[in-house]
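Notes to accompany the following structure.
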Amino acid sequence: MRVQCQILSEDEKHRVHAESLKILEQVGVKFLSQRALKIMQDNGAKVDQDAGIAKIPAEMVEQALKTAPKSFVLGGRDPARDVALPRPTTGYVLDLGGVFTRDFKTGERRYATLQDNNDAMRVFDEMELSSVVWPHSMVEGDTPNSNAIRLILHSFMNSSLHVQDEFGEPEEVPYIYEAMAAILGSEDAVKERKLYSVTYCTLAPLVHEGGMCNAYLDMIEFEAPILIYPMPCTGSTGPCSLFSNISMGNAEALSSLVLFQMAHPGTPLIFGDASGSTDFASGGFLEGSPEMVLMTAARGEMARFYGLPNTQQGCQTDAKEPGPQAVMEKLLTTMPLVLSGADLVQGPGCLETSGLLCLEQIVVDEEIGGLCNRMREGIDFDDARNLFDDIAEVGPSGHFLMQDSTLEACRSDEFYTPKLFDRHTFERWVDLGRSDTYSKARERVEEILATPQKNPLPDDVIGKLDEIMRRADEELK
Amino acid sequence: MSIEDIFQSILQLKRGEIADLVQAEIDAKTDVGAILEQGLINAMGEVGNQFSEGRLFVPEMLRAAETMKIGLEVLRPLLVEADIKPRGTVIVGTVKGDLHDIGKNLVGMMLEGAGFTVVDLGVDVDPKAFLDAAGENRAQLVAMSALLTTTMPVMADCVGRFKEANLGARLIVGGAPVNQDFAIKISADGYSSDAPGAVELAKNLVPA
């Protein structure tokens with residue numbers, strides 16, 4: 001059977017759901033968007049206009065759960081990289097949410113550039129388990145108001161995967177849709193192919209932002225999928241117990257589900273979670289902790305409880321540089337998600353609590369994902385895997401290396417072949433230059449960046465995207 | 001009863017006891033300046049040290065600051081009477097477009113603990129509001145916070161407006177995406193990556 005890790009019992013899932021409904025009905029959720037508040041009021045929420053708070057009855061949640069699609073496809077720019085949700089195996093989301101990059105040549109920590117974004121896209125594109133990319137956040141540049149558009153369009157140019165991002169202003173929407181129409185060749189295909197989705201983070205505790213909320217309500221007409229991504233931090237922006245932080249995050253997610261389903265029934269939603277735990281010594285947000293992954297895995301189980309596709313934060317670390325802490329924390333925060341059946345894990349590529357891109361970490365994280373996915377597949381008890389006849393043929397003593405079954409299986413998925421780990425003898429390892437995991441990862445990055453991009457957009461499409469970016473620079477000054 | 005008891009009540013987070021302890025010292029005619037400095041401010045200095053060394057956790061530091069504030073309220077009328085002024089006035093706020101306030105709140109509470117008067121403008125603060133508040137309160141220092149990359153340019157805008165207005169207030173910045181290089185680039189007067197560092201910065205920029 002496949003290995004199954006369970007974080008919440010059936011009773012505990014019902015308790016989380018009941019607590020979430022209690023929070024929504026008795027405490028309510030604050031909306032900084034008047035448009036959103038009106039949608040909530042028109043659909044049955046009790047709204048306090050002065051406070052901007054909507055108290056949401058259970059019936060609204062039930063209604064929203066009925067209209068939310070249970071499956072859909074995140075289109076890749078290359079259709080071969082489409083991601084159908086839910087997934088039988090876990091896929092991975094490149095996490096470029098931070099503003100810093102670890103310079104590949106010097107190791108210096110500095111603000112990210114557009115080139116860093118493009119290099120990361122190129123490297124991640126070559127990873128087998130990659131599913132979705134998040135563009136980098138960027139501080140520098142002469143046109144900060146059109147930075148988000150530039151990063152998204154360059155991500156399309158440098159990646160063949162589905163692009164997912166967060167943006168803050170309704171003015172950005174038309175440029176992104178024009179770009180997708182240019183890539184796909186028609187406006188009609190934009191709705192159908194869904195090359196782009198957005199991340200919607202509520203502001204814990206229990207607040208929906210204004211500008212972002214309005215932008216997403218505009219975008220909903222294009223039926224773009226929305227990743228609902230609460231980030232309550234237990235002990236600071238969330239209550240200081242995992243149970244209550246999970247319940248509050250779940251309540252925030254349900255309030256988002258209600259908003260978008262009431263605004264446009266049938267909007268594809270990914271029921272995600274990026275909870276954190278507090279470093280009590282500094283007040284900082286932690287992502288590499290066991291508590292973090294217990295919460296995001298539990299929220300993944302809540303997504304399946306509701307029958308919704310999900311993305312969970314994982315493969316994370318609070319380490320400041322590549323090394324043992326990064327690998328241990330990332331393995332710790334990936335395995336429970338994979339074993340509990342998460343559709344997508346968001347985290348590869350970053351160090352320092354999602355704050356620092358590290359190109360070689362993308363390759364190391366691919367290995368971590370591969371190991372975890374292998375564990376998930378468990379032990380195959382199919383009759384075809386019962387090799388009694390081989391045991392009888394070889395008998396006591398002897399060996400199995402010459403059996404046909406061994407030849408067939410040695411390159412099969414039953415036996416994971418690591419790409420980075422060293423399994424040579426000591427002497428051979430010395431002869432090969434005593435390479436370690438990260439040095440092999442660096443070699444792979446160098447190799448990818450030295451070869452031409454495999455699936456570039458046609459020149460005429462790139463010309464159109466350049467023109468859209470130029471116009472955005474002018475018009476969004 | 002002694003000033004040491006007041007000092008210890010803050011370190012031991014005994015918010016229920018400090019008002020009586022301060023009142024007892026006032027009743028005993030102890031110098032109010034000494035109660036303030038040796039009892040309250042020194043205790044928060046020690047709290048800051050223990051926090052910097054990782055021995056004290058944030059919830060404990062916040063409770064200590066709250067305890068100190070209760071003591072300060074008892075003392076305040078006498079400080080006014082004795083014309084003992086705060087170390088300086090600091091305007092704190094999260095810049096326009098940004099609603100994240102935990103870091104900003106920590107800095108504000110620690111600055112109060114260090115003897116500053118803190119005017120907290122909250123979140124989503126317009127550059128003009130910073131400017132107005134600094135003028136109205138004759139602030140020596142303005143501390144701006146941002147968590148979002150999209151709101152960092154507001155800090156630069158704010159610094160520019162302060163230089164133009166020539167109010168004399170110094171400007172410091174902080175928040176996850178901010179660093180020393182950014183502070184230098186926008187001509188801010190300082191940057192700190194954490195709350196105790198911000199207090200040290202404030203003490204350096206606003207000498208007693």
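Naming scheme: A, B, ... for chains in displayed order of the structure tokens; residues 1 onward per chain; ligands 1 onward as shown.
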Task: Exercise: stretch 240-246 of chain A partners within 7 Å, only C-alpha atoms, chain neighbours under 6 positions left out, as a list in words - done: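 Listed by chain and then number, they are Pro232, Thr234, Met295 and Arg299 of chain A.
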Selected residues written out with N, CA and C atoms, as a PDB file, in the first residue's frame:
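Saved result, out34.pdb, follows:
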ATOM      1  N   PRO A 232      -1.573  32.510   9.239  1.00  0.00           N
ATOM      2  CA  PRO A 232      -1.549  32.851  10.670  1.00  0.00           C
ATOM      3  C   PRO A 232      -0.323  32.239  11.339  1.00  0.00           C
ATOM      4  N   THR A 234       1.174  31.012  14.659  1.00  0.00           N
ATOM      5  CA  THR A 234       0.751  30.666  16.019  1.00  0.00           C
ATOM      6  C   THR A 234       1.652  31.336  17.055  1.00  0.00           C
ATOM      7  N   MET A 295       0.802  21.994  11.069  1.00  0.00           N
ATOM      8  CA  MET A 295      -0.374  22.827  10.775  1.00  0.00           C
ATOM      9  C   MET A 295      -0.725  22.805   9.288  1.00  0.00           C
ATOM     10  N   ARG A 299      -4.082  21.354   7.582  1.00  0.00           N
ATOM     11  CA  ARG A 299      -4.960  22.146   6.709  1.00  0.00           C
ATOM     12  C   ARG A 299      -5.113  21.485   5.341  1.00  0.00           C
TER      13      ARG A 299
END
Open item on the list: I want to know what sits within 6 Å of B:Phe7, based on only C-alpha atoms, with residues of the same chain fewer than 2 positions away left out; could you give that as number ranges by chain?
Closed with: B: 4-5, 9-10, 39, 43
Quick one: write out the picked residues with C-alpha atoms as a PDB file, in the first residue's frame?
ATOM      1  CA  GLU B   4      15.086  47.300  43.784  1.00  0.00           C
ATOM      2  CA  ASP B   5      11.646  45.757  44.379  1.00  0.00           C
ATOM      3  CA  SER B   9       8.770  43.354  39.761  1.00  0.00           C
ATOM      4  CA  ILE B  10       9.366  44.277  36.110  1.00  0.00           C
ATOM      5  CA  GLY B  39      13.502  51.356  39.002  1.00  0.00           C
ATOM      6  CA  ALA B  43      14.714  47.372  34.545  1.00  0.00           C
TER       7      ALA B  43
END
Taking only residues of chain B that have an atom at most 7 Å from an atom of chain A, what is each one's shortest atom pair and its distance in Å to one decimal, using only C-alpha atoms, in chain and number order, as a Markdown table?
| residue | atom | partner | partner_atom | distance |
| --- | --- | --- | --- | --- |
| B:Gly54 | CA | A:Ala281 | CA | 5.5 |
| B:Leu56 | CA | A:Ala281 | CA | 6.6 |
| B:Phe57 | CA | A:Ala281 | CA | 4.5 |
| B:Val58 | CA | A:Phe280 | CA | 5.4 |
| B:Thr149 | CA | A:Val139 | CA | 5.9 |
| B:Pro177 | CA | A:Val99 | CA | 6.4 |
TODO: Go through A:Glu25, A:Glu171, A:Glu393, A:Glu19 one by one, measure the shortest atom-to-atom distance of each to A:Gly44 using only C-alpha atoms, and give the residue with the smallest value.
DONE: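 Closest to A:Gly44 of all the choices is A:Glu25.
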TODO: Could you give me, as a list in words, the residues within 7 Å of stretch 194-199 of chain A, counting only C-alpha atoms and dropping anything in the same chain fewer than 3 positions from it?
DONE: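 Listing them by chain and then by number gives Leu74, Gly75, Gly76, Arg77, His162, Val163, Gln164, Asp165, Glu166, Val190, Lys191, Ala224, Pro225, Ile226, Leu227, Ile228 and Tyr229 of chain A.
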- [ ] Mind the document's chain letters and residue numbers, and return as a PyMOL selection string the residues of stretch 105-254 of chain A that DSSP labels strand (DSSP E or B).
- [x] chain A and resi 109-111+130-133+162-165+196-200+203+207-208+226-228+233-234+238
Open item on the list: as a ChimeraX atom specification, please: the residues near A:Leu294 (cut-off 12 Å, only C-alpha atoms, same-chain neighbours under 3 positions excluded).
Closed with: /A:5-8,234,241-243,245-246,273-277,287-291,297-301,312-314,332-337,340
- [ ] Write out as a ChimeraX atom specification each polymer residue whose atoms come within 10 Å of B:Val22, counting only C-alpha atoms; drop sequence neighbours fewer than 5 positions from it.
- [x] /B:1-3,5-6,17,27-28,30,32,35-36,39-40,70-75
Could you write out the selected residues, including N, CA and C atoms, as a PDB file, in the first residue's frame?
ATOM      1  N   MET B   1      10.372  47.566  51.285  1.00  0.00           N
ATOM      2  CA  MET B   1      10.104  48.202  49.997  1.00  0.00           C
ATOM      3  C   MET B   1      11.324  49.016  49.541  1.00  0.00           C
ATOM      4  N   SER B   2      11.651  48.875  48.233  1.00  0.00           N
ATOM      5  CA  SER B   2      12.770  49.660  47.722  1.00  0.00           C
ATOM      6  C   SER B   2      12.637  49.774  46.209  1.00  0.00           C
ATOM      7  N   ILE B   3      13.497  50.625  45.652  1.00  0.00           N
ATOM      8  CA  ILE B   3      13.509  50.739  44.194  1.00  0.00           C
ATOM      9  C   ILE B   3      13.859  49.383  43.570  1.00  0.00           C
ATOM     10  N   ASP B   5      12.869  46.557  44.511  1.00  0.00           N
ATOM     11  CA  ASP B   5      11.646  45.757  44.379  1.00  0.00           C
ATOM     12  C   ASP B   5      10.900  46.116  43.087  1.00  0.00           C
ATOM     13  N   ILE B   6      10.919  47.423  42.770  1.00  0.00           N
ATOM     14  CA  ILE B   6      10.257  47.867  41.526  1.00  0.00           C
ATOM     15  C   ILE B   6      10.968  47.253  40.324  1.00  0.00           C
ATOM     16  N   GLU B  17       1.551  43.918  40.945  1.00  0.00           N
ATOM     17  CA  GLU B  17       2.201  44.433  42.166  1.00  0.00           C
ATOM     18  C   GLU B  17       2.828  45.794  41.981  1.00  0.00           C
ATOM     19  N   ASP B  27       5.197  57.443  48.486  1.00  0.00           N
ATOM     20  CA  ASP B  27       4.778  57.780  49.855  1.00  0.00           C
ATOM     21  C   ASP B  27       5.991  57.913  50.781  1.00  0.00           C
ATOM     22  N   ALA B  28       7.036  57.158  50.492  1.00  0.00           N
ATOM     23  CA  ALA B  28       8.248  57.211  51.334  1.00  0.00           C
ATOM     24  C   ALA B  28       9.144  58.389  50.950  1.00  0.00           C
ATOM     25  N   THR B  30      10.729  58.969  48.253  1.00  0.00           N
ATOM     26  CA  THR B  30      11.922  58.666  47.431  1.00  0.00           C
ATOM     27  C   THR B  30      11.900  59.588  46.210  1.00  0.00           C
ATOM     28  N   VAL B  32      11.600  61.008  42.770  1.00  0.00           N
ATOM     29  CA  VAL B  32      10.869  60.423  41.631  1.00  0.00           C
ATOM     30  C   VAL B  32      11.781  60.145  40.439  1.00  0.00           C
ATOM     31  N   ILE B  35      13.271  56.812  41.081  1.00  0.00           N
ATOM     32  CA  ILE B  35      12.311  55.711  40.833  1.00  0.00           C
ATOM     33  C   ILE B  35      12.238  55.429  39.329  1.00  0.00           C
ATOM     34  N   LEU B  36      12.169  56.535  38.559  1.00  0.00           N
ATOM     35  CA  LEU B  36      12.064  56.394  37.106  1.00  0.00           C
ATOM     36  C   LEU B  36      13.305  55.724  36.524  1.00  0.00           C
ATOM     37  N   GLY B  39      14.527  52.394  38.895  1.00  0.00           N
ATOM     38  CA  GLY B  39      13.502  51.356  39.002  1.00  0.00           C
ATOM     39  C   GLY B  39      12.981  50.943  37.645  1.00  0.00           C
ATOM     40  N   LEU B  40      12.394  51.891  36.930  1.00  0.00           N
ATOM     41  CA  LEU B  40      11.673  51.539  35.698  1.00  0.00           C
ATOM     42  C   LEU B  40      12.580  51.392  34.474  1.00  0.00           C
ATOM     43  N   ILE B  70       2.574  50.398  33.682  1.00  0.00           N
ATOM     44  CA  ILE B  70       1.650  50.579  34.815  1.00  0.00           C
ATOM     45  C   ILE B  70       2.342  51.407  35.913  1.00  0.00           C
ATOM     46  N   GLY B  71       3.603  51.068  36.153  1.00  0.00           N
ATOM     47  CA  GLY B  71       4.374  51.837  37.151  1.00  0.00           C
ATOM     48  C   GLY B  71       4.558  53.284  36.725  1.00  0.00           C
ATOM     49  N   LEU B  72       4.812  53.465  35.423  1.00  0.00           N
ATOM     50  CA  LEU B  72       5.043  54.809  34.891  1.00  0.00           C
ATOM     51  C   LEU B  72       3.795  55.689  35.035  1.00  0.00           C
ATOM     52  N   GLU B  73       2.629  55.089  34.843  1.00  0.00           N
ATOM     53  CA  GLU B  73       1.379  55.850  34.963  1.00  0.00           C
ATOM     54  C   GLU B  73       1.207  56.373  36.393  1.00  0.00           C
ATOM     55  N   VAL B  74       1.590  55.577  37.359  1.00  0.00           N
ATOM     56  CA  VAL B  74       1.485  56.017  38.764  1.00  0.00           C
ATOM     57  C   VAL B  74       2.432  57.197  38.993  1.00  0.00           C
ATOM     58  N   LEU B  75       3.582  57.121  38.355  1.00  0.00           N
ATOM     59  CA  LEU B  75       4.633  58.121  38.567  1.00  0.00           C
ATOM     60  C   LEU B  75       4.411  59.401  37.760  1.00  0.00           C
TER      61      LEU B  75
END
Stretch 20-64 of chain B residues near stretch 182-205 of chain B within 12 Å, closest pair each, using only C-alpha atoms, as CSV:
residue,atom,partner,partner_atom,distance
B:Met44,CA,B:Pro196,CA,10.7
B:Gly45,CA,B:Pro196,CA,9.5
B:Glu46,CA,B:Pro196,CA,11.0
B:Val47,CA,B:Pro196,CA,9.7
B:Gly48,CA,B:Pro196,CA,6.0
B:Asn49,CA,B:Pro196,CA,7.9
B:Gln50,CA,B:Pro196,CA,10.0
B:Phe51,CA,B:Pro196,CA,7.7
B:Ser52,CA,B:Pro196,CA,6.5
B:Glu53,CA,B:Pro196,CA,10.3
B:Gly54,CA,B:Pro196,CA,11.3
B:Val58,CA,B:Ala195,CA,10.3
B:Met61,CA,B:Pro196,CA,10.8
B:Leu62,CA,B:Ala195,CA,11.6
Open item on the list: Need the shell around A:Ser405: protein/DNA/RNA residues with any atom at most 10 Å away, counting only C-alpha atoms. Skip same-chain ones fewer than 2 positions apart. Format as a list in words?
Closed with: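 Listed by chain and then number, they are Ala384, Arg385, Leu387, Asp390, Phe400, Leu401, Met402, Gln403, Leu407, Glu408, Ala409 and Cys410 of chain A.
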Open item on the list: Could you check the closest approach to B:Gly97 for each of B:Pro59, B:Gly33, B:Pro153, B:Gly160 and tell me which residue wins, using only C-alpha atoms?
Closed with: B:Pro153
Open item on the list: Can you pull out the residues contacting B:Val206? Cut-off 12 Å, using only C-alpha atoms, and skip same-chain residues under 2 positions away; I want them as a list in words.
Closed with: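 Final neighbour list, sorted by chain and number: Pro86, Arg87, Gly88, Thr89, Val90, Leu111, Ala114, Gly115, Phe116, Ala139, Gln140, Leu141, Val142, Gly168, Ala169, Arg170, Leu171, Ile172, Asp189, Ala198, Val199, Glu200, Leu201, Ala202, Lys203, Asn204 and Ala208 of chain B.
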Just list as a tab-separated table (two decimals) with C-alpha atoms, in the first residue's frame whatever in stretch 35-200 of chain A DSSP marks as helix (DSSP H, G or I).
chain	number	residue	atom	x	y	z
A	35	ARG	CA	-17.02	45.70	-2.74
A	36	ALA	CA	-16.28	42.54	-0.81
A	37	LEU	CA	-18.30	43.69	2.18
A	38	LYS	CA	-21.31	44.36	-0.05
A	39	ILE	CA	-21.02	40.90	-1.64
A	40	MET	CA	-20.98	39.35	1.84
A	41	GLN	CA	-23.98	41.41	2.97
A	42	ASP	CA	-26.01	40.73	-0.20
A	58	ALA	CA	-22.77	28.32	8.24
A	59	GLU	CA	-25.27	28.23	5.36
A	60	MET	CA	-23.06	30.55	3.30
A	61	VAL	CA	-20.09	28.24	3.83
A	62	GLU	CA	-22.16	25.21	2.82
A	63	GLN	CA	-23.38	26.99	-0.31
A	64	ALA	CA	-19.83	28.02	-1.27
A	65	LEU	CA	-18.56	24.48	-0.79
A	66	LYS	CA	-21.23	23.28	-3.23
A	67	THR	CA	-20.21	25.61	-6.06
A	79	PRO	CA	0.63	21.93	-22.41
A	80	ALA	CA	2.84	18.94	-21.56
A	81	ARG	CA	3.43	20.62	-18.18
A	114	LEU	CA	15.16	40.21	-12.98
A	115	GLN	CA	18.04	38.01	-14.14
A	116	ASP	CA	17.84	36.02	-10.88
A	117	ASN	CA	14.15	35.44	-11.53
A	118	ASN	CA	14.88	34.23	-15.05
A	119	ASP	CA	17.75	31.97	-13.97
A	120	ALA	CA	15.59	30.37	-11.28
A	121	MET	CA	12.83	29.75	-13.83
A	122	ARG	CA	15.32	28.08	-16.18
A	123	VAL	CA	16.72	25.81	-13.45
A	124	PHE	CA	13.33	24.84	-12.04
A	125	ASP	CA	12.03	24.09	-15.53
A	144	PRO	CA	8.33	49.82	-9.27
A	145	ASN	CA	4.65	50.09	-10.24
A	146	SER	CA	5.10	47.72	-13.17
A	147	ASN	CA	7.62	45.38	-11.48
A	148	ALA	CA	5.00	42.71	-10.85
A	149	ILE	CA	3.95	42.68	-14.51
A	150	ARG	CA	7.58	42.53	-15.69
A	151	LEU	CA	8.32	39.58	-13.39
A	152	ILE	CA	5.23	37.66	-14.46
A	153	LEU	CA	5.87	38.15	-18.17
A	154	HIS	CA	9.53	37.21	-17.84
A	155	SER	CA	8.45	34.11	-15.93
A	156	PHE	CA	6.31	33.12	-18.93
A	157	MET	CA	9.31	33.72	-21.19
A	158	ASN	CA	11.71	31.62	-19.11
A	170	PRO	CA	-6.67	46.11	-10.19
A	171	GLU	CA	-4.75	48.23	-12.75
A	172	GLU	CA	-2.32	45.34	-13.31
A	173	VAL	CA	-5.00	42.87	-14.46
A	174	PRO	CA	-5.48	43.91	-18.13
A	175	TYR	CA	-1.74	43.76	-18.93
A	176	ILE	CA	-1.42	40.21	-17.64
A	177	TYR	CA	-4.45	39.05	-19.63
A	178	GLU	CA	-3.25	40.75	-22.76
A	179	ALA	CA	0.05	38.92	-22.35
A	180	MET	CA	-1.66	35.57	-21.96
A	181	ALA	CA	-3.75	36.21	-25.07
A	182	ALA	CA	-0.53	36.99	-26.92
A	183	ILE	CA	1.07	33.74	-25.72
A	184	LEU	CA	-2.00	31.62	-26.49
A	188	ASP	CA	-10.87	32.90	-25.68
A	189	ALA	CA	-8.02	30.56	-24.85
A	190	VAL	CA	-7.11	32.61	-21.76
A	191	LYS	CA	-10.13	31.37	-19.78
A	192	GLU	CA	-9.80	27.86	-21.06
A	193	ARG	CA	-6.07	27.25	-20.61
Open item on the list: What's the separation between atom CA of A:Ala392 and atom CA of A:Gly378, in Å to one decimal place?
Closed with: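 So the two atoms, atom CA of A:Ala392 and atom CA of A:Gly378, lie 25.3 Å apart.
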Open item on the list: Just to confirm, what's the straight-line distance from atom CA of B:Gln180 to atom CA of B:Phe130 in Å (one decimal)?
Closed with: 21.5 Å
